[in-house]
Amino acid sequence: MKKIFIILFFILFSSKVSHAIIEIDITEGNREPLPIAITEFFHDDNDELLKNDIPNRIRKVIADDLERSGLFESLDQKAFIQRNKAMHISPRFADWRLIKAQGLLTGDLSIENERLRVEFRLWDTLAEKEIEGLVLITTINNWRRISHMIADKIYERLTGEEGYFDTRIVYVAEEGPKNKRIKKLAIMDQDGANHKFLTSGKELVLTPRFNPVRQEITYLSYFKNLPRVYLLNIQNGIQEVVGDFPGMTFAPRFSPDGNKIIMSLARDGNSDIYVMDMISRVVERLTDSQAIDTSPSYSPDGKKITFNSDRGGSQQIYVMDSNGRNQKRISKGTGNYATPVWSPRGDLIAFTKNFQGQYFIGVMRTDGTGERLLTENWYQEAPSWSSNGRVLIFYRETKANDAGDGHSSSIWSIDLTGFNERKLETPLDASDPSWSKLIQ
């Protein structure tokens with residue numbers, strides 16, 4: 001995948017200090033979405049824009065991004081009263097308030113020196129003023145990413161939090177009966193576009209995870225029935241073995257600076273947490289118990305690690321310093337806890353919980369207090385955070401019959417408040433998702 005450069009200019013006449021009336025309190029659950037009018041971007045009659053319907057496609061990607069967040073409602077274009085290009089300079093705010101639009105997005109497209117120029121403006125129809133505006137310049141075939149970036153800016157301006165739409169998801173694509181699944185790596189934009197398979201399915205693959213600072217993925221693959229930890233460069237497709245470890249290897253994951261990989265290794269009959277320096281390839285052992293210690297995840301500042309262990313007789317969540325010291329159990333509820341993942345905000349840990357035959361996706365504070373269960377199902381696990389810590393994705397399975405038929409798995413998302421649960425569409429069954437940070 002080639003690196004794409006995008007030039008951004010702040011529009012000089014854009015008001016960056018605003019006393020806008022519209023705003024969204026994202027701490028509320030099940031709130032009414034904010035109605036926003038997203039117009040089709042105005043454009044010249046350039047064939048390159050029209051033949052691929054780029055103006056309408058940009059509008060649709062922005063609208064879909066915002067609606068999937070559960071915080072916005074994109075109003076039907078048929079209700080628009082003002083339709084001329086003058087709205088991009090001077091909207092008739094009364095017309096937009098008449099159709100209940102609290103926010104208005106207008107835009108203009110043009111081709112300059114064979115590059116796409118996208119200008120957008122976000123208006124507060126109640127305060128009757130512009131509250132955001134940008135010009136973005138990129139290659140013509142990069143219109144979809146530009147759309148995600150615009151949606152991110154709108155989300156940030158109206159919620160006060162960074163957006164998460166210009167991101168990707170890597171996951172394990174699956175097909176076949178449960179007792180004979182073919183599994184391969186796949187990657188897609190967070191909205192399912194630009195889907196691509198990264199491996200052929202000849203070897204079993206598990207637990208793909210993004211490097212937070214580089215365009216690469218670490219994952220576990222079985223080569224001749226031996227588990228190995230691999231690195232895959234997303235841009236050039238080059239794959240390399242991180243190391244050949246004796247025994248079983250589980251759940252590799254990067255440190256926040258991308259320079260270390262933390263994992264669980266099974267040696268001498270038990271599993272402990274190890275960390276490998278990616279430059280020196282030196283491996284350091286962090287836990288030493290007779291129990292199963294696995295699923296490690298760093299805090300965003302790299303100073304702490306959460307993991308799960310059955311050292312107390314059942315699977316629970318623990319936290320320790322990054323050097324392995326001060327190991328402490330934090331989960332306090334009834335049931336078994338697994339797959340802890342630290343929020344990018346640093347304030348919460350997401351987890352899977354098994355209690356009375358049901359599986360839950362939940363969150364707790366980093367000291368184990370404030371546990372909240374967000375969703376319940378027959379089987380679901382492996383939460384992964386959006387880049388802004390607002391949304392979780394995870395995978396959910398359906399039951400198979402005795403022959404292994406009828407089984408399926410899919411990726412779902414849910415808001416941190418426990419609302420807006422949605423299924424992500426994928427070409428094949430899907431499991432073990434990992435969400436990237438914003439693309440740089």
# chains A, B, ... in the order shown; residues from 1 in each chain; ligands from 1
call {"tool": "select_by_dssp", "arguments": {"residues": "stretch 94-175 of chain A", "states": "helix (DSSP H, G or I)", "output": "compact mmCIF listing (two decimals) with N, CA and C atoms, in the first residue's frame"}}
result
# COMPACT_ATOMS: atom_id res chain seq x y z
N ALA A 94 -32.55 30.22 8.29
CA ALA A 94 -33.95 29.96 8.62
C ALA A 94 -34.48 28.76 7.83
N ASP A 95 -34.03 28.61 6.58
CA ASP A 95 -34.45 27.46 5.78
C ASP A 95 -33.99 26.15 6.39
N TRP A 96 -32.80 26.16 6.95
CA TRP A 96 -32.24 24.92 7.52
C TRP A 96 -32.85 24.62 8.89
N ARG A 97 -33.15 25.67 9.63
CA ARG A 97 -33.83 25.44 10.91
C ARG A 97 -35.24 24.91 10.70
N LEU A 98 -35.83 25.30 9.58
CA LEU A 98 -37.19 24.87 9.28
C LEU A 98 -37.28 23.35 9.12
N ILE A 140 -6.80 12.22 -6.73
CA ILE A 140 -8.22 12.04 -7.00
C ILE A 140 -8.74 10.72 -6.42
N ASN A 141 -7.94 9.66 -6.54
CA ASN A 141 -8.41 8.36 -6.06
C ASN A 141 -8.39 8.23 -4.55
N ASN A 142 -8.02 9.30 -3.86
CA ASN A 142 -7.97 9.28 -2.39
C ASN A 142 -9.19 9.98 -1.79
N TRP A 143 -10.26 10.09 -2.57
CA TRP A 143 -11.45 10.82 -2.12
C TRP A 143 -12.09 10.18 -0.88
N ARG A 144 -12.01 8.86 -0.77
CA ARG A 144 -12.65 8.19 0.37
C ARG A 144 -11.96 8.56 1.68
N ARG A 145 -10.63 8.58 1.67
CA ARG A 145 -9.93 8.93 2.91
C ARG A 145 -10.19 10.39 3.29
N ILE A 146 -10.25 11.26 2.30
CA ILE A 146 -10.59 12.66 2.56
C ILE A 146 -11.96 12.74 3.26
N SER A 147 -12.90 11.92 2.81
CA SER A 147 -14.23 11.92 3.41
C SER A 147 -14.16 11.54 4.89
N HIS A 148 -13.38 10.52 5.21
CA HIS A 148 -13.22 10.12 6.62
C HIS A 148 -12.59 11.24 7.44
N MET A 149 -11.64 11.93 6.87
CA MET A 149 -10.98 13.01 7.59
C MET A 149 -11.95 14.16 7.88
N ILE A 150 -12.83 14.45 6.92
CA ILE A 150 -13.83 15.49 7.14
C ILE A 150 -14.79 15.07 8.25
N ALA A 151 -15.23 13.81 8.21
CA ALA A 151 -16.11 13.30 9.26
C ALA A 151 -15.43 13.39 10.63
N ASP A 152 -14.14 13.10 10.68
CA ASP A 152 -13.39 13.21 11.93
C ASP A 152 -13.40 14.65 12.45
N LYS A 153 -13.22 15.61 11.55
CA LYS A 153 -13.21 17.02 11.95
C LYS A 153 -14.57 17.45 12.49
N ILE A 154 -15.64 17.01 11.85
CA ILE A 154 -16.99 17.34 12.31
C ILE A 154 -17.23 16.74 13.69
N TYR A 155 -16.88 15.47 13.83
CA TYR A 155 -17.05 14.77 15.11
C TYR A 155 -16.29 15.50 16.21
N GLU A 156 -15.04 15.86 15.93
CA GLU A 156 -14.22 16.55 16.94
C GLU A 156 -14.80 17.91 17.29
N ARG A 157 -15.27 18.63 16.29
CA ARG A 157 -15.77 19.99 16.53
C ARG A 157 -17.04 19.99 17.38
N LEU A 158 -17.88 18.96 17.19
CA LEU A 158 -19.17 18.96 17.87
C LEU A 158 -19.20 18.14 19.15
N THR A 159 -18.21 17.28 19.35
CA THR A 159 -18.17 16.47 20.58
C THR A 159 -17.03 16.86 21.50
call {"tool": "select_by_dssp", "arguments": {"residues": "stretch 193-337 of chain A", "states": "strand (DSSP E or B)", "output": "PyMOL selection string"}}
result
chain A and resi 196-197+205-210+216-223+226-233+239-243+249-254+260-267+270-277+283-285+292-298+304-309+316-321+328-329+336-337
call {"tool": "write_last_selection", "arguments": {"atoms": "C-alpha atoms", "output": "CSV table (one decimal), in the first residue's frame"}}
result
chain,number,residue,atom,x,y,z
A,196,LYS,CA,-8.1,-7.0,1.4
A,197,PHE,CA,-6.9,-10.4,2.4
A,205,VAL,CA,-3.5,-17.3,11.9
A,206,LEU,CA,-4.5,-15.8,15.2
A,207,THR,CA,-4.5,-12.5,17.2
A,208,PRO,CA,-3.5,-9.9,14.7
A,209,ARG,CA,-2.5,-6.5,16.3
A,210,PHE,CA,-1.5,-3.2,14.9
A,216,GLU,CA,2.8,-3.2,10.4
A,217,ILE,CA,0.9,-6.0,12.1
A,218,THR,CA,2.1,-8.6,14.5
A,219,TYR,CA,0.2,-11.9,14.6
A,220,LEU,CA,0.5,-15.6,15.5
A,221,SER,CA,0.7,-18.2,12.7
A,222,TYR,CA,1.2,-21.9,12.7
A,223,PHE,CA,3.9,-23.0,10.3
A,226,LEU,CA,4.5,-24.8,15.2
A,227,PRO,CA,3.3,-21.4,16.4
A,228,ARG,CA,5.5,-18.4,15.4
A,229,VAL,CA,5.1,-14.7,15.9
A,230,TYR,CA,5.3,-12.7,12.7
A,231,LEU,CA,5.6,-9.1,11.6
A,232,LEU,CA,3.8,-8.0,8.4
A,233,ASN,CA,4.5,-4.7,6.7
A,239,GLN,CA,6.7,-10.7,6.3
A,240,GLU,CA,9.3,-11.7,8.9
A,241,VAL,CA,9.5,-14.1,11.8
A,242,VAL,CA,9.9,-12.2,15.1
A,243,GLY,CA,11.5,-15.3,16.7
A,249,THR,CA,3.3,-18.6,22.0
A,250,PHE,CA,0.1,-16.6,22.6
A,251,ALA,CA,-1.4,-13.1,22.1
A,252,PRO,CA,1.5,-10.9,20.8
A,253,ARG,CA,0.9,-7.2,21.1
A,254,PHE,CA,3.0,-4.0,20.6
A,260,LYS,CA,8.6,-4.0,21.9
A,261,ILE,CA,6.3,-7.0,21.6
A,262,ILE,CA,4.8,-8.4,24.7
A,263,MET,CA,3.4,-12.0,24.6
A,264,SER,CA,2.6,-15.1,26.6
A,265,LEU,CA,5.0,-18.1,26.2
A,266,ALA,CA,4.4,-21.6,27.5
A,267,ARG,CA,7.5,-23.1,28.9
A,270,ASN,CA,3.0,-23.1,32.4
A,271,SER,CA,2.5,-19.8,30.6
A,272,ASP,CA,4.2,-16.5,31.6
A,273,ILE,CA,4.4,-13.0,30.2
A,274,TYR,CA,7.6,-12.1,28.2
A,275,VAL,CA,8.6,-9.0,26.3
A,276,MET,CA,10.9,-8.8,23.3
A,277,ASP,CA,12.9,-5.7,22.3
A,283,VAL,CA,13.6,-11.4,25.5
A,284,GLU,CA,12.8,-10.7,29.1
A,285,ARG,CA,10.5,-12.6,31.4
A,292,ILE,CA,-1.4,-19.4,33.1
A,293,ASP,CA,-0.6,-15.7,32.6
A,294,THR,CA,-1.7,-14.5,29.2
A,295,SER,CA,-3.3,-11.7,27.1
A,296,PRO,CA,-1.0,-8.8,28.1
A,297,SER,CA,-1.7,-5.2,27.2
A,298,TYR,CA,0.2,-2.0,27.9
A,304,LYS,CA,1.8,-0.5,33.3
A,305,ILE,CA,0.6,-3.8,31.9
A,306,THR,CA,-2.7,-5.6,32.3
A,307,PHE,CA,-3.0,-9.3,31.8
A,308,ASN,CA,-5.2,-12.2,32.9
A,309,SER,CA,-4.1,-15.1,35.1
A,316,GLN,CA,-9.0,-12.8,36.7
A,317,ILE,CA,-7.5,-9.5,35.6
A,318,TYR,CA,-4.2,-8.3,37.0
A,319,VAL,CA,-2.1,-5.2,36.6
A,320,MET,CA,1.7,-4.8,37.0
A,321,ASP,CA,4.5,-2.4,36.3
A,328,LYS,CA,-1.9,-7.1,41.7
A,329,ARG,CA,-5.4,-8.5,40.9
A,336,ASN,CA,-14.0,-15.4,34.9
A,337,TYR,CA,-12.3,-12.5,33.2
call {"tool": "residues_around", "arguments": {"residues": "A:Val118", "least_positions_apart": "3", "cutoff": "6 Å", "atoms": "only C-alpha atoms", "output": "NGL selection string"}}
result
:A and (109 or 135-136)
call {"tool": "write_last_selection", "arguments": {"atoms": "N, CA and C atoms", "output": "CSV table (one decimal), in the first residue's frame"}}
result
chain,number,residue,atom,x,y,z
A,109,LEU,N,-15.8,21.1,-4.6
A,109,LEU,CA,-14.7,20.3,-5.2
A,109,LEU,C,-14.2,20.9,-6.5
A,135,VAL,N,-9.5,23.2,3.9
A,135,VAL,CA,-9.2,22.8,2.5
A,135,VAL,C,-8.2,21.7,2.5
A,136,LEU,N,-8.6,20.6,1.8
A,136,LEU,CA,-7.7,19.4,1.7
A,136,LEU,C,-7.4,19.1,0.3
call {"tool": "atom_distance", "arguments": {"atom1": "atom CA of A:Glu73", "atom2": "atom CA of A:Gln440"}}
result
28.2 Å
call {"tool": "residues_around", "arguments": {"residues": "A:Thr339", "least_positions_apart": "4", "cutoff": "6 Å", "atoms": "only C-alpha atoms", "output": "list of chain:residue names"}}
result
A:Ser295, A:Phe351, A:Thr352, A:Ala382
call {"tool": "residues_around", "arguments": {"residues": "A:Pro212", "least_positions_apart": "2", "cutoff": "8 Å", "atoms": "only C-alpha atoms", "output": "PDB file with C-alpha atoms, in the first residue's frame"}}
result
ATOM      1  CA  PHE A 210      -1.506  -3.175  14.850  1.00  0.00           C
ATOM      2  CA  ARG A 214       4.247   2.006  12.068  1.00  0.00           C
ATOM      3  CA  PHE A 254       3.020  -4.040  20.620  1.00  0.00           C
ATOM      4  CA  SER A 255       4.138  -1.564  23.245  1.00  0.00           C
ATOM      5  CA  PRO A 256       2.839   2.019  22.786  1.00  0.00           C
ATOM      6  CA  ASP A 257       6.111   3.144  21.146  1.00  0.00           C
ATOM      7  CA  GLY A 258       6.069   0.159  18.782  1.00  0.00           C
ATOM      8  CA  SER A 436      -5.772   0.905  14.338  1.00  0.00           C
ATOM      9  CA  LYS A 437      -5.005   4.398  15.516  1.00  0.00           C
TER      10      LYS A 437
END
call {"tool": "residues_around", "arguments": {"residues": "A:Ser410", "least_positions_apart": "5", "cutoff": "12 Å", "atoms": "only C-alpha atoms", "output": "PDB file with C-alpha atoms, in the first residue's frame"}}
result
ATOM      1  CA  TYR A 171      -9.085  -9.316  11.712  1.00  0.00           C
ATOM      2  CA  VAL A 172      -9.133 -13.059  11.090  1.00  0.00           C
ATOM      3  CA  ALA A 173     -11.372 -14.005   8.144  1.00  0.00           C
ATOM      4  CA  GLU A 174     -12.917 -17.464   8.555  1.00  0.00           C
ATOM      5  CA  GLU A 175     -14.829 -19.986   6.482  1.00  0.00           C
ATOM      6  CA  TYR A 379     -20.223 -16.330  23.076  1.00  0.00           C
ATOM      7  CA  GLN A 380     -18.259 -13.149  22.401  1.00  0.00           C
ATOM      8  CA  GLU A 381     -14.773 -11.919  23.249  1.00  0.00           C
ATOM      9  CA  ALA A 382     -11.630  -9.983  22.223  1.00  0.00           C
ATOM     10  CA  ILE A 393     -15.258  -3.721  18.574  1.00  0.00           C
ATOM     11  CA  PHE A 394     -15.347  -7.426  19.417  1.00  0.00           C
ATOM     12  CA  TYR A 395     -16.402 -10.670  17.807  1.00  0.00           C
ATOM     13  CA  ARG A 396     -19.459 -12.791  18.444  1.00  0.00           C
ATOM     14  CA  GLU A 397     -20.119 -16.439  17.547  1.00  0.00           C
ATOM     15  CA  THR A 398     -23.259 -18.436  16.842  1.00  0.00           C
ATOM     16  CA  ARG A 422     -23.912  -2.620  15.348  1.00  0.00           C
ATOM     17  CA  LYS A 423     -22.686  -5.484  13.191  1.00  0.00           C
ATOM     18  CA  LEU A 424     -19.796  -4.823  10.781  1.00  0.00           C
ATOM     19  CA  GLU A 425     -20.297  -6.445   7.392  1.00  0.00           C
ATOM     20  CA  THR A 426     -17.414  -8.598   6.087  1.00  0.00           C
ATOM     21  CA  PRO A 427     -17.118 -10.887   3.019  1.00  0.00           C
ATOM     22  CA  LEU A 428     -16.474 -13.958   5.208  1.00  0.00           C
ATOM     23  CA  ASP A 429     -16.978 -14.765   8.856  1.00  0.00           C
ATOM     24  CA  ALA A 430     -14.779 -12.634  11.075  1.00  0.00           C
ATOM     25  CA  SER A 431     -13.073 -12.914  14.465  1.00  0.00           C
ATOM     26  CA  ASP A 432     -10.303 -11.435  16.613  1.00  0.00           C
ATOM     27  CA  PRO A 433     -10.464  -7.818  15.385  1.00  0.00           C
TER      28      PRO A 433
END
call {"tool": "residues_around", "arguments": {"residues": "A:Lys178", "least_positions_apart": "5", "cutoff": "8 Å", "atoms": "only C-alpha atoms", "output": "list in words"}}
result
Ala400, Gly404, Asp405 and His407 of chain A
call {"tool": "write_last_selection", "arguments": {"atoms": "C-alpha atoms", "output": "mmCIF file, in the first residue's frame"}}
result
data_model
loop_
_atom_site.group_PDB
_atom_site.id
_atom_site.type_symbol
_atom_site.label_atom_id
_atom_site.label_comp_id
_atom_site.auth_asym_id
_atom_site.auth_seq_id
_atom_site.Cartn_x
_atom_site.Cartn_y
_atom_site.Cartn_z
ATOM 1 C CA ALA A 400 -22.746 -24.993 15.565
ATOM 2 C CA GLY A 404 -19.550 -28.338 13.313
ATOM 3 C CA ASP A 405 -21.968 -26.924 10.742
ATOM 4 C CA HIS A 407 -21.237 -21.951 13.006
#
call {"tool": "closest_residue", "arguments": {"among": "A:Thr199, A:Pro177, A:Ile81, A:Phe360", "to": "A:Lys399", "atoms": "only C-alpha atoms"}}
result
A:Pro177
